[in-house]
$ cat protein-v9.cif   # mmCIF, C-alpha atoms and all ligand atoms
data_data
loop_
_atom_site.label_atom_id
_atom_site.label_comp_id
_atom_site.auth_asym_id
_atom_site.auth_seq_id
_atom_site.Cartn_x
_atom_site.Cartn_y
_atom_site.Cartn_z
CA MET A 1 0.00 0.00 0.00
CA PRO A 2 1.39 3.44 -0.91
CA GLN A 3 1.91 5.52 2.21
CA ARG A 4 0.97 9.14 2.87
CA VAL A 5 3.56 11.09 4.84
CA ARG A 6 4.77 14.68 5.32
CA GLY A 7 7.37 16.13 2.94
CA VAL A 8 9.00 19.54 2.34
CA ILE A 9 8.13 20.75 -1.15
CA ALA A 10 9.66 23.57 -3.20
CA PRO A 11 6.62 24.48 -5.33
CA GLY A 12 8.21 26.96 -7.77
CA LYS A 13 11.23 29.15 -8.49
CA GLY A 14 12.13 31.23 -5.43
CA ALA A 15 8.88 30.39 -3.59
CA PRO A 16 9.12 29.46 0.09
CA VAL A 17 9.09 25.75 0.83
CA ARG A 18 6.08 24.18 2.52
CA ILE A 19 5.04 20.89 4.07
CA GLU A 20 2.62 18.81 2.01
CA THR A 21 1.29 15.29 2.16
CA ILE A 22 3.24 13.14 -0.25
CA VAL A 23 2.54 9.65 -1.51
CA VAL A 24 5.39 7.15 -1.20
CA PRO A 25 4.88 4.00 -3.34
CA ASP A 26 5.82 0.55 -2.13
CA PRO A 27 9.33 -0.29 -3.26
CA GLY A 28 9.57 -1.87 -6.69
CA PRO A 29 12.40 -4.10 -7.89
CA GLY A 30 15.74 -2.67 -6.77
CA GLU A 31 14.12 -0.02 -4.57
CA ALA A 32 13.83 0.64 -0.84
CA VAL A 33 11.61 2.75 1.40
CA VAL A 34 13.54 4.41 4.21
CA LYS A 35 12.13 5.88 7.40
CA VAL A 36 14.15 9.08 7.68
CA GLN A 37 15.62 9.87 11.11
CA ALA A 38 17.65 13.00 10.30
CA CYS A 39 18.36 15.18 7.27
CA GLY A 40 20.76 18.14 7.05
CA VAL A 41 19.96 21.39 5.24
CA CYS A 42 22.53 21.77 2.43
CA HIS A 43 23.22 24.75 0.18
CA THR A 44 22.13 22.61 -2.76
CA ASP A 45 18.56 22.40 -1.39
CA LEU A 46 18.44 26.18 -1.59
CA HIS A 47 19.86 26.04 -5.14
CA TYR A 48 16.95 23.74 -6.07
CA ARG A 49 14.40 26.06 -4.49
CA GLU A 50 15.84 29.00 -6.44
CA GLY A 51 15.66 27.11 -9.73
CA GLY A 52 19.46 27.03 -9.94
CA ILE A 53 19.67 23.29 -10.66
CA ASN A 54 16.79 22.79 -13.12
CA ASP A 55 13.15 23.70 -13.63
CA GLU A 56 11.58 20.37 -12.74
CA PHE A 57 9.35 21.75 -9.97
CA PRO A 58 7.87 20.70 -7.62
CA PHE A 59 10.91 19.39 -5.78
CA LEU A 60 10.90 17.20 -2.72
CA LEU A 61 13.94 18.63 -0.93
CA GLY A 62 16.49 17.08 1.45
CA HIS A 63 19.40 14.80 0.65
CA GLU A 64 21.84 14.62 3.60
CA ALA A 65 20.08 11.91 5.51
CA ALA A 66 20.25 8.82 7.65
CA GLY A 67 17.44 6.47 8.58
CA ILE A 68 16.16 2.93 8.86
CA VAL A 69 15.23 0.76 5.90
CA GLU A 70 11.52 -0.01 6.22
CA SER A 71 10.93 -2.23 3.21
CA VAL A 72 12.72 -3.39 0.09
CA GLY A 73 11.56 -4.48 -3.38
CA ASP A 74 12.29 -7.64 -5.32
CA GLY A 75 15.90 -8.51 -5.92
CA VAL A 76 17.33 -6.29 -3.21
CA THR A 77 20.10 -8.08 -1.36
CA GLU A 78 22.45 -5.36 -0.16
CA VAL A 79 20.14 -3.97 2.53
CA ALA A 80 17.23 -5.35 4.55
CA PRO A 81 14.43 -3.88 6.67
CA GLY A 82 15.82 -2.63 9.98
CA ASP A 83 19.24 -1.65 8.63
CA PHE A 84 20.60 1.76 9.66
CA VAL A 85 21.72 3.52 6.49
CA ILE A 86 23.13 6.77 5.18
CA LEU A 87 21.52 7.83 1.90
CA ASN A 88 23.93 8.57 -0.95
CA TRP A 89 23.62 10.17 -4.39
CA ARG A 90 26.15 7.88 -5.98
CA ALA A 91 24.52 4.45 -6.36
CA VAL A 92 26.96 3.12 -8.93
CA CYS A 93 25.75 1.23 -12.00
CA GLY A 94 28.62 -1.22 -12.37
CA GLN A 95 28.39 -1.08 -16.15
CA CYS A 96 29.33 2.36 -17.46
CA ARG A 97 32.82 3.01 -18.81
CA ALA A 98 34.01 4.43 -15.46
CA CYS A 99 32.69 1.44 -13.50
CA ARG A 100 34.14 -1.01 -16.01
CA ARG A 101 37.55 0.58 -15.66
CA GLY A 102 37.43 -0.02 -11.91
CA ARG A 103 36.72 3.63 -11.09
CA PRO A 104 33.14 3.46 -9.78
CA GLN A 105 33.65 6.68 -7.80
CA TYR A 106 33.28 8.44 -11.16
CA CYS A 107 30.21 6.39 -12.26
CA PHE A 108 28.50 8.25 -15.11
CA ASN A 109 25.13 6.50 -14.77
CA THR A 110 24.20 6.43 -11.07
CA HIS A 111 20.87 4.92 -9.99
CA ASN A 112 17.79 6.50 -8.44
CA ALA A 113 14.37 4.94 -7.75
CA GLU A 114 12.41 4.15 -10.93
CA GLN A 115 9.03 5.07 -9.43
CA LYS A 116 8.14 8.64 -8.53
CA MET A 117 6.82 9.96 -5.26
CA THR A 118 3.82 12.24 -5.85
CA LEU A 119 1.55 14.80 -4.28
CA GLU A 120 -1.92 13.52 -3.34
CA ASP A 121 -3.33 14.78 -6.66
CA GLY A 122 -0.83 12.61 -8.52
CA THR A 123 1.66 15.40 -9.43
CA GLU A 124 5.06 13.76 -9.74
CA LEU A 125 7.80 15.09 -7.46
CA SER A 126 11.45 15.58 -8.39
CA ALA A 127 13.46 14.33 -5.44
CA ALA A 128 16.55 16.46 -4.69
CA LEU A 129 19.61 14.52 -5.88
CA GLY A 130 17.30 11.54 -6.30
CA ILE A 131 16.79 11.36 -2.53
CA GLY A 132 14.06 13.72 -1.18
CA ALA A 133 14.60 13.13 2.53
CA PHE A 134 12.87 16.11 4.14
CA ALA A 135 10.05 13.58 4.50
CA ASP A 136 9.01 11.06 7.10
CA LYS A 137 9.73 8.34 4.55
CA THR A 138 11.36 8.33 1.15
CA LEU A 139 11.72 5.97 -1.81
CA VAL A 140 15.22 5.45 -3.20
CA ALA A 141 17.21 2.94 -5.22
CA ALA A 142 18.52 0.30 -2.83
CA GLY A 143 22.06 1.20 -3.91
CA GLN A 144 21.49 4.65 -2.43
CA CYS A 145 21.34 3.07 1.03
CA THR A 146 24.74 2.53 2.62
CA LYS A 147 24.62 0.43 5.75
CA VAL A 148 26.71 1.77 8.65
CA ASP A 149 27.14 1.07 12.38
CA PRO A 150 23.81 1.93 14.07
CA ALA A 151 25.66 3.27 17.13
CA ALA A 152 26.21 6.53 15.20
CA SER A 153 23.91 9.50 15.83
CA PRO A 154 21.60 9.86 12.80
CA ALA A 155 22.03 13.67 12.73
CA ALA A 156 25.81 13.38 12.47
CA ALA A 157 25.85 10.32 10.21
CA GLY A 158 23.47 11.84 7.67
CA LEU A 159 25.88 14.71 7.00
CA LEU A 160 28.28 12.26 5.40
CA GLY A 161 25.60 11.87 2.72
CA CYS A 162 26.62 15.16 1.08
CA GLY A 163 28.52 18.22 2.32
CA VAL A 164 30.87 16.65 4.84
CA MET A 165 31.80 13.88 2.42
CA ALA A 166 32.31 16.43 -0.36
CA GLY A 167 34.78 18.47 1.70
CA LEU A 168 36.52 15.61 3.43
CA GLY A 169 36.86 13.70 0.18
CA ALA A 170 38.16 16.78 -1.66
CA ALA A 171 41.14 16.66 0.69
CA VAL A 172 41.59 12.93 1.15
CA ASN A 173 40.49 11.49 -2.21
CA THR A 174 40.80 14.23 -4.85
CA GLY A 175 43.67 16.22 -3.34
CA ALA A 176 45.36 13.06 -2.03
CA VAL A 177 46.65 15.02 0.96
CA SER A 178 49.25 12.97 2.76
CA ARG A 179 51.45 13.05 5.85
CA GLY A 180 53.48 16.21 6.17
CA ASP A 181 51.68 18.17 3.45
CA THR A 182 50.83 21.81 3.77
CA VAL A 183 47.17 22.45 2.91
CA ALA A 184 45.17 25.65 2.53
CA VAL A 185 41.36 25.68 2.45
CA ILE A 186 39.67 28.75 1.01
CA GLY A 187 36.09 29.09 2.32
CA CYS A 188 35.41 27.34 5.59
CA GLY A 189 31.66 26.72 5.61
CA GLY A 190 30.36 23.19 6.07
CA VAL A 191 32.26 21.89 3.06
CA GLY A 192 35.54 23.73 3.67
CA SER A 193 35.55 22.81 7.37
CA ALA A 194 35.14 19.19 6.38
CA ALA A 195 38.13 19.62 4.06
CA VAL A 196 40.11 20.92 7.04
CA MET A 197 39.10 17.84 8.99
CA GLY A 198 40.03 15.58 6.08
CA ALA A 199 43.45 17.21 5.79
CA ARG A 200 44.02 16.66 9.48
CA LEU A 201 42.91 13.04 9.23
CA ALA A 202 45.37 12.50 6.36
CA GLY A 203 48.26 13.83 8.46
CA ALA A 204 48.80 17.28 6.96
CA ALA A 205 51.46 19.13 8.93
CA ARG A 206 50.09 22.59 8.36
CA ILE A 207 46.47 23.48 7.57
CA ILE A 208 45.69 27.09 6.74
CA ALA A 209 42.02 28.05 6.92
CA VAL A 210 40.96 31.07 4.84
CA ASP A 211 37.59 32.81 5.11
CA ILE A 212 36.09 36.29 5.36
CA ASP A 213 34.22 35.44 8.56
CA ASP A 214 36.06 35.17 11.88
CA ASN A 215 33.43 32.79 13.32
CA LYS A 216 34.07 30.31 10.48
CA LEU A 217 37.80 30.62 11.07
CA ALA A 218 37.36 29.93 14.79
CA THR A 219 35.43 26.74 13.95
CA ALA A 220 38.06 25.67 11.42
CA LEU A 221 40.76 26.09 14.07
CA ARG A 222 38.70 23.93 16.44
CA LEU A 223 38.42 21.26 13.74
CA GLY A 224 42.14 21.03 13.10
CA ALA A 225 43.37 24.08 11.17
CA THR A 226 46.78 25.18 12.45
CA HIS A 227 46.56 28.74 11.08
CA SER A 228 43.81 31.06 9.95
CA VAL A 229 43.74 33.91 7.47
CA ASN A 230 40.94 36.43 7.16
CA SER A 231 41.06 37.50 3.52
CA ARG A 232 39.29 40.75 4.36
CA ALA A 233 42.44 41.75 6.24
CA GLY A 234 44.80 41.52 3.26
CA ASP A 235 45.91 39.40 0.32
CA PRO A 236 45.35 35.75 1.28
CA VAL A 237 47.88 34.53 -1.30
CA ALA A 238 50.63 36.56 0.36
CA ALA A 239 49.49 35.35 3.78
CA ILE A 240 49.59 31.70 2.71
CA GLN A 241 53.03 32.17 1.14
CA GLU A 242 54.29 33.82 4.30
CA LEU A 243 53.08 30.86 6.37
CA THR A 244 54.83 28.42 4.04
CA GLY A 245 58.33 29.85 3.83
CA GLY A 246 57.42 31.85 0.73
CA ASN A 247 56.52 28.72 -1.25
CA GLY A 248 52.75 28.22 -1.10
CA ALA A 249 50.78 25.14 -0.06
CA ASP A 250 51.09 21.63 -1.50
CA VAL A 251 47.31 21.34 -1.84
CA VAL A 252 44.85 24.25 -1.95
CA ILE A 253 41.14 23.48 -1.72
CA GLU A 254 38.69 26.06 -3.04
CA ALA A 255 35.35 25.64 -1.26
CA VAL A 256 33.61 28.89 -2.25
CA GLY A 257 33.01 28.46 -6.00
CA ARG A 258 34.04 31.87 -7.35
CA PRO A 259 36.66 32.91 -9.96
CA GLU A 260 38.50 35.23 -7.56
CA THR A 261 38.89 32.59 -4.88
CA TYR A 262 39.89 30.03 -7.51
CA LYS A 263 42.66 32.41 -8.64
CA GLN A 264 43.79 32.75 -5.04
CA ALA A 265 43.95 28.96 -4.82
CA PHE A 266 45.88 28.79 -8.08
CA TYR A 267 48.56 31.25 -6.95
CA ALA A 268 48.67 30.13 -3.31
CA ARG A 269 49.95 26.65 -4.16
CA ASP A 270 53.57 25.64 -4.35
CA LEU A 271 55.16 24.68 -7.68
CA ALA A 272 53.86 21.26 -8.72
CA GLY A 273 51.09 21.61 -6.16
CA THR A 274 47.44 20.66 -6.52
CA VAL A 275 44.34 22.84 -6.66
CA VAL A 276 41.01 21.19 -5.88
CA LEU A 277 37.82 23.03 -6.81
CA VAL A 278 34.92 21.79 -4.69
CA GLY A 279 32.87 25.02 -4.58
CA VAL A 280 30.16 25.04 -7.25
CA PRO A 281 30.29 27.99 -9.69
CA THR A 282 27.26 29.48 -11.44
CA PRO A 283 26.89 29.26 -15.24
CA GLU A 284 27.92 32.86 -15.99
CA MET A 285 31.27 32.67 -14.15
CA LYS A 286 34.45 32.78 -16.24
CA LEU A 287 38.08 32.23 -15.36
CA GLU A 288 41.02 33.96 -17.01
CA LEU A 289 44.58 32.90 -16.23
CA PRO A 290 47.88 33.37 -18.09
CA LEU A 291 48.35 30.05 -19.85
CA LEU A 292 52.06 30.35 -19.19
CA ASP A 293 51.35 30.27 -15.45
CA VAL A 294 49.17 27.19 -15.87
CA PHE A 295 52.03 25.53 -17.72
CA GLY A 296 54.96 26.92 -15.79
CA ARG A 297 53.71 26.11 -12.30
CA GLY A 298 53.09 22.47 -13.14
CA GLY A 299 51.09 20.28 -10.78
CA ALA A 300 47.41 19.45 -11.02
CA LEU A 301 44.19 21.44 -11.32
CA LYS A 302 41.31 19.19 -10.28
CA SER A 303 37.65 19.46 -9.41
CA SER A 304 35.88 17.26 -6.92
CA TRP A 305 32.32 16.00 -7.08
CA TYR A 306 31.02 14.46 -3.85
CA GLY A 307 34.62 14.19 -2.70
CA ASP A 308 35.25 11.48 -5.30
CA CYS A 309 33.71 9.17 -2.73
CA LEU A 310 32.57 5.62 -3.11
CA PRO A 311 29.83 5.40 -0.48
CA SER A 312 30.19 1.66 0.13
CA ARG A 313 33.92 2.11 0.78
CA ASP A 314 33.94 5.49 2.54
CA PHE A 315 30.80 5.80 4.68
CA PRO A 316 31.28 2.73 6.91
CA MET A 317 34.97 3.58 7.38
CA LEU A 318 34.27 7.22 8.29
CA ILE A 319 31.49 6.20 10.68
CA ASP A 320 33.93 3.82 12.38
CA LEU A 321 36.43 6.69 12.77
CA TYR A 322 33.61 8.86 14.16
CA LEU A 323 32.69 6.21 16.72
CA GLN A 324 36.35 5.95 17.73
CA GLY A 325 36.41 9.70 18.39
CA ARG A 326 38.75 10.41 15.49
CA LEU A 327 36.29 12.31 13.29
CA ASP A 328 34.09 14.89 14.99
CA LEU A 329 30.97 14.80 12.84
CA ASP A 330 28.92 16.19 15.74
CA ALA A 331 30.80 19.49 15.35
CA PHE A 332 28.94 20.08 12.07
CA VAL A 333 25.50 19.87 13.68
CA SER A 334 24.97 23.52 14.63
CA GLU A 335 21.32 22.96 15.55
CA THR A 336 18.56 20.40 15.24
CA ILE A 337 15.21 21.63 13.90
CA PRO A 338 11.74 20.23 13.17
CA LEU A 339 10.56 19.46 9.63
CA ASP A 340 8.72 22.79 9.42
CA GLY A 341 11.94 24.71 10.17
CA VAL A 342 13.63 24.30 6.77
CA GLU A 343 12.69 27.72 5.34
CA GLU A 344 14.10 29.52 8.40
CA ALA A 345 17.19 27.33 8.27
CA PHE A 346 17.82 28.58 4.72
CA VAL A 347 17.93 32.13 6.09
CA ARG A 348 20.42 31.21 8.81
CA MET A 349 22.54 29.33 6.27
CA HIS A 350 22.51 32.34 3.96
CA LYS A 351 23.64 34.60 6.81
CA GLY A 352 26.48 32.19 7.58
CA GLU A 353 25.22 31.51 11.10
CA VAL A 354 25.41 27.71 10.92
CA LEU A 355 27.57 24.93 9.54
CA ARG A 356 24.51 22.71 9.35
CA SER A 357 20.93 22.81 10.58
CA VAL A 358 19.66 19.24 10.79
CA VAL A 359 16.01 18.20 10.68
CA VAL A 360 15.44 15.47 13.26
CA PHE A 361 12.29 13.37 13.00
N1 LIG A 401 31.52 19.54 -5.17
C1 LIG A 401 30.56 19.00 -4.44
O1 LIG A 401 30.27 17.80 -4.52
C2 LIG A 401 29.81 19.86 -3.48
C3 LIG A 401 28.92 19.29 -2.54
C4 LIG A 401 28.25 20.14 -1.65
C5 LIG A 401 28.47 21.52 -1.71
N2 LIG A 401 29.33 22.04 -2.65
C6 LIG A 401 29.61 23.48 -2.78
O2 LIG A 401 30.63 23.87 -1.87
C7 LIG A 401 30.52 25.27 -1.62
C8 LIG A 401 30.53 25.53 -0.14
O3 LIG A 401 29.37 24.94 0.44
P1 LIG A 401 29.05 25.18 1.99
O4 LIG A 401 27.88 24.33 2.35
O5 LIG A 401 30.31 25.05 2.79
O6 LIG A 401 28.59 26.71 1.93
P2 LIG A 401 28.72 27.83 3.06
O7 LIG A 401 27.91 28.97 2.58
O8 LIG A 401 28.44 27.22 4.38
O9 LIG A 401 30.30 28.21 3.04
C9 LIG A 401 30.93 29.09 2.18
C10 LIG A 401 32.06 29.79 2.98
O10 LIG A 401 32.83 30.59 2.10
C11 LIG A 401 33.13 31.79 2.74
N3 LIG A 401 33.45 32.80 1.74
C12 LIG A 401 32.60 33.49 0.95
N4 LIG A 401 33.30 34.32 0.14
C13 LIG A 401 34.60 34.14 0.43
C14 LIG A 401 35.80 34.72 -0.05
N5 LIG A 401 35.79 35.65 -1.01
N6 LIG A 401 36.98 34.28 0.47
C15 LIG A 401 37.00 33.33 1.45
N7 LIG A 401 35.88 32.76 1.95
C16 LIG A 401 34.71 33.17 1.47
C17 LIG A 401 31.90 32.10 3.57
O11 LIG A 401 32.17 33.00 4.62
C18 LIG A 401 31.52 30.71 4.08
O12 LIG A 401 32.15 30.41 5.30
C19 LIG A 401 29.23 25.71 -2.31
O13 LIG A 401 29.57 26.27 -3.57
C20 LIG A 401 28.47 24.42 -2.49
O14 LIG A 401 27.54 24.48 -3.55
C21 LIG A 401 30.02 21.24 -3.50
ZN ZN A 402 28.78 3.27 -13.57
ZN ZN A 403 24.23 18.63 -0.49
#

$ encode --input "protein-v9.cif" --output "C-alpha cells"
Amino acid sequence: MPQRVRGVIAPGKGAPVRIETIVVPDPGPGEAVVKVQACGVCHTDLHYREGGINDEFPFLLGHEAAGIVESVGDGVTEVAPGDFVILNWRAVCGQCRACRRGRPQYCFNTHNAEQKMTLEDGTELSAALGIGAFADKTLVAAGQCTKVDPAASPAAAGLLGCGVMAGLGAAVNTGAVSRGDTVAVIGCGGVGSAAVMGARLAGAARIIAVDIDDNKLATALRLGATHSVNSRAGDPVAAIQELTGGNGADVVIEAVGRPETYKQAFYARDLAGTVVLVGVPTPEMKLELPLLDVFGRGGALKSSWYGDCLPSRDFPMLIDLYLQGRLDLDAFVSETIPLDGVEEAFVRMHKGEVLRSVVVF
C-alpha cells in the first residue's frame, strides 16, 4: 500500500518551501523505502528552491540523511528492513565506462528509484539529488542506502551523505593530501571545514584556513586548522606564502566556487602543487589565467564531485572513525530543527550563522 507522509516541497522558483502530504509508493524491484531519522539542510537544497539546478518543480527537498530501511523491493540483497543507512547520491551502475575501468567513484550513470513519489493529486515530485529526505519516509534505489554502524547518531551520520563527504573527500580522495603536506582551504563553511578535517585526518602538517568570517575561522581552528587567514584583512595569497616559507601550499582546496577565490587557490599553491575546486560555480562565471602560469607552475588542477567518494567504501569507514572519536561529525550539527523549520534554516545558512541545521524526525 502506498503511504501518505509529510514532505517539504519547493513548489516553484524562489517560492518558500512548505510541508505537504506526499505519496510514497511501495518499493519496486531494486528499490527501498527508508524511514528518515535525520536530514541536514545543504546549500544545494536552496539552489533547487531558487531554480538554480533545473526547472523540474515541484521538488521534494532534502538529501543529507540517515534512517532505517523499512521495506525493500524484489531482488534487493544489499540492505534489509531494519538496517541503519546513510543515503547517498552515488549508487553506482557497475556497467558504465568508469565502473568497467574499476573507477566506480566516477560512475556516469548512477541509480535512483524508478518510481516517482507524488503529491496527493498525482503530481510527480522531483526528489533532490534523487533522494528527497525532508520527509518522514522516502523511496530510493537500494544502492542509495549505505549500511553503517547503528551506534552513530543519525544527525551526524546523515551529514556524510553530502557536504561533509564532499569536503573531506576533496582533501583525502581528490587532493590526495598525505602526511606532512601543507594544505590551505579557502572558504570554511560546512564543506571547507570538512576539508580541514580531512586534511588533518590525512596527516597534513600545516592546515591554513581562509575565510572572510572570523566565526568560520574559529570553527576551522577547532576542527584542526593550524593557522587562519581572514582575507578581508589583506591578500590571502601573500598570507599563505608567508606561512609556508614563501613557497605556497602543496594542496589548496577552493570551497567557495568563485573565480576570484579560484585564482587565489591557483597562486597560493607551491610549484607542482594541486588545486582542488569543490565550490560550485554558477553558469555565468568565467576564469582567465595566463596560460604560461598554468604551464609553468606544473602540478594538477582538479575538481571534486562528492569528494570522489565511493559510499560503500567510505561511509562505513568514516562512521567507524567517528565512533572511535577520530572524526568529529557532531561538530557540524549547529542545531537540530523540526521538519517545518527548513525555510528559516535557509535564512540562517545564507547569513552564515550555521555549519549545518539538521532536521530530526
Ligand atoms: N563539489 C561538491 O560535490 C559539493 C557538494 C556540496 C556543496 N558544494 C559546494 O561547496 C561550496 C561551499 O558549500 P558550503 O555548504 O560550505 O557553503 P557555506 O555557505 O556554508 O560556506 C561558504 C564559505 O565561504 C566563505 N566565503 C565566501 N566568500 C569568500 C571569499 N571571497 N573568500 C574566502 N571565503 C569566502 C563564507 O564566509 C563561508 O564560510 C558551495 O559552492 C556548495 O555548492 C560542493
Ligand atoms: Zn557506472
Ligand atoms: Zn548537499

$ residues_near_ligand --input "protein-v9.cif" --ligand "ligand LIG 401 (chain A)" --cutoff "7 Å" --atoms "only C-alpha atoms and all ligand atoms" --output "MDAnalysis selection string"
chainID A and resid 42:44 162:163 166 186:192 210:213 216 231 255:257 261 278:281 304:307 349:350 352 355

$ residues_around --input "protein-v9.cif" --residues "region 288-302 of chain A" --least-positions-apart "6" --cutoff "10 Å" --atoms "all atoms listed in the file" --output "PyMOL selection string"
chain A and resi 170+174-175+250-253+259-260+263+265-267+269-278

$ residues_near_ligand --input "protein-v9.cif" --ligand "ligand ZN 402 (chain A)" --cutoff "9 Å" --atoms "only C-alpha atoms and all ligand atoms" --output "NGL selection string"
:A and (91-100 or 103-111)

$ atom_distance --input "protein-v9.cif" --atom1 "CA of Leu159 (chain A)" --atom2 "CA of Asp330 (chain A)"
9.4 Å

$ closest_residue --input "protein-v9.cif" --among "A:Ala135, A:Leu329, A:Val76, A:Val148" --to "Leu223 (chain A)" --atoms "only C-alpha atoms"
A:Leu329

$ closest_residue --input "protein-v9.cif" --among "A:Ala184, A:Met197, A:Ala220, A:Leu61" --to "ligand ZN 403 (chain A)" --atoms "only C-alpha atoms and all ligand atoms"
A:Leu61

$ closest_residue --input "protein-v9.cif" --among "A:Ala113, A:Ile131, A:Val34, A:Cys145" --to "ligand ZN 403 (chain A)" --atoms "all atoms listed in the file"
A:Ile131

$ closest_residue --input "protein-v9.cif" --among "A:Glu343, A:Arg356, A:Val237, A:Asp328" --to "ligand ZN 403 (chain A)" --atoms "only C-alpha atoms and all ligand atoms"
A:Arg356

$ atom_distance --input "protein-v9.cif" --atom1 "CA of Ala80 (chain A)" --atom2 "CA of Gly130 (chain A)"
20.1 Å

$ atom_distance --input "protein-v9.cif" --atom1 "CA of Leu201 (chain A)" --atom2 "CA of Ala152 (chain A)"
18.9 Å

$ residues_around --input "protein-v9.cif" --residues "Ala195 (chain A)" --least-positions-apart "5" --cutoff "6 Å" --atoms "all atoms listed in the file" --output "PyMOL selection string"
chain A and resi 167-168+171

$ residues_around --input "protein-v9.cif" --residues "region 87-89 of chain A" --least-positions-apart "4" --cutoff "6 Å" --atoms "all atoms listed in the file" --output "list of chain:residue names"
A:Ala65, A:Ala66, A:Gln144, A:Cys145, A:Gly161

$ decode --input "protein-v9.cif" --residues "region 249-317 of chain A" --atoms "C-alpha atoms" --output "JSON list (two decimals), in the first residue's frame"
[["chain", "number", "residue", "atom", "x", "y", "z"],
["A", 249, "ALA", "CA", 50.78, 25.14, -0.06],
["A", 250, "ASP", "CA", 51.09, 21.63, -1.50],
["A", 251, "VAL", "CA", 47.31, 21.34, -1.84],
["A", 252, "VAL", "CA", 44.85, 24.25, -1.95],
["A", 253, "ILE", "CA", 41.14, 23.48, -1.72],
["A", 254, "GLU", "CA", 38.69, 26.06, -3.04],
["A", 255, "ALA", "CA", 35.35, 25.64, -1.26],
["A", 256, "VAL", "CA", 33.61, 28.89, -2.25],
["A", 257, "GLY", "CA", 33.01, 28.46, -6.00],
["A", 258, "ARG", "CA", 34.04, 31.87, -7.35],
["A", 259, "PRO", "CA", 36.66, 32.91, -9.96],
["A", 260, "GLU", "CA", 38.50, 35.23, -7.56],
["A", 261, "THR", "CA", 38.89, 32.59, -4.88],
["A", 262, "TYR", "CA", 39.89, 30.03, -7.51],
["A", 263, "LYS", "CA", 42.66, 32.41, -8.64],
["A", 264, "GLN", "CA", 43.79, 32.75, -5.04],
["A", 265, "ALA", "CA", 43.95, 28.96, -4.82],
["A", 266, "PHE", "CA", 45.88, 28.79, -8.08],
["A", 267, "TYR", "CA", 48.56, 31.25, -6.95],
["A", 268, "ALA", "CA", 48.67, 30.13, -3.31],
["A", 269, "ARG", "CA", 49.95, 26.65, -4.16],
["A", 270, "ASP", "CA", 53.57, 25.64, -4.35],
["A", 271, "LEU", "CA", 55.16, 24.68, -7.68],
["A", 272, "ALA", "CA", 53.86, 21.26, -8.72],
["A", 273, "GLY", "CA", 51.09, 21.61, -6.16],
["A", 274, "THR", "CA", 47.44, 20.66, -6.52],
["A", 275, "VAL", "CA", 44.34, 22.84, -6.66],
["A", 276, "VAL", "CA", 41.01, 21.19, -5.88],
["A", 277, "LEU", "CA", 37.82, 23.03, -6.81],
["A", 278, "VAL", "CA", 34.92, 21.79, -4.69],
["A", 279, "GLY", "CA", 32.87, 25.02, -4.58],
["A", 280, "VAL", "CA", 30.16, 25.04, -7.25],
["A", 281, "PRO", "CA", 30.29, 27.99, -9.69],
["A", 282, "THR", "CA", 27.26, 29.48, -11.44],
["A", 283, "PRO", "CA", 26.89, 29.26, -15.24],
["A", 284, "GLU", "CA", 27.92, 32.86, -15.99],
["A", 285, "MET", "CA", 31.27, 32.67, -14.15],
["A", 286, "LYS", "CA", 34.45, 32.78, -16.24],
["A", 287, "LEU", "CA", 38.08, 32.23, -15.36],
["A", 288, "GLU", "CA", 41.02, 33.96, -17.01],
["A", 289, "LEU", "CA", 44.58, 32.90, -16.23],
["A", 290, "PRO", "CA", 47.88, 33.37, -18.09],
["A", 291, "LEU", "CA", 48.35, 30.05, -19.85],
["A", 292, "LEU", "CA", 52.06, 30.35, -19.19],
["A", 293, "ASP", "CA", 51.35, 30.27, -15.45],
["A", 294, "VAL", "CA", 49.17, 27.19, -15.87],
["A", 295, "PHE", "CA", 52.03, 25.53, -17.72],
["A", 296, "GLY", "CA", 54.96, 26.92, -15.79],
["A", 297, "ARG", "CA", 53.71, 26.11, -12.30],
["A", 298, "GLY", "CA", 53.09, 22.47, -13.14],
["A", 299, "GLY", "CA", 51.09, 20.28, -10.78],
["A", 300, "ALA", "CA", 47.41, 19.45, -11.02],
["A", 301, "LEU", "CA", 44.19, 21.44, -11.32],
["A", 302, "LYS", "CA", 41.31, 19.19, -10.28],
["A", 303, "SER", "CA", 37.65, 19.46, -9.41],
["A", 304, "SER", "CA", 35.88, 17.26, -6.92],
["A", 305, "TRP", "CA", 32.32, 16.00, -7.08],
["A", 306, "TYR", "CA", 31.02, 14.46, -3.85],
["A", 307, "GLY", "CA", 34.62, 14.19, -2.70],
["A", 308, "ASP", "CA", 35.25, 11.48, -5.30],
["A", 309, "CYS", "CA", 33.71, 9.17, -2.73],
["A", 310, "LEU", "CA", 32.57, 5.62, -3.11],
["A", 311, "PRO", "CA", 29.83, 5.40, -0.48],
["A", 312, "SER", "CA", 30.19, 1.66, 0.13],
["A", 313, "ARG", "CA", 33.92, 2.11, 0.78],
["A", 314, "ASP", "CA", 33.94, 5.49, 2.54],
["A", 315, "PHE", "CA", 30.80, 5.80, 4.68],
["A", 316, "PRO", "CA", 31.28, 2.73, 6.91],
["A", 317, "MET", "CA", 34.97, 3.58, 7.38]]
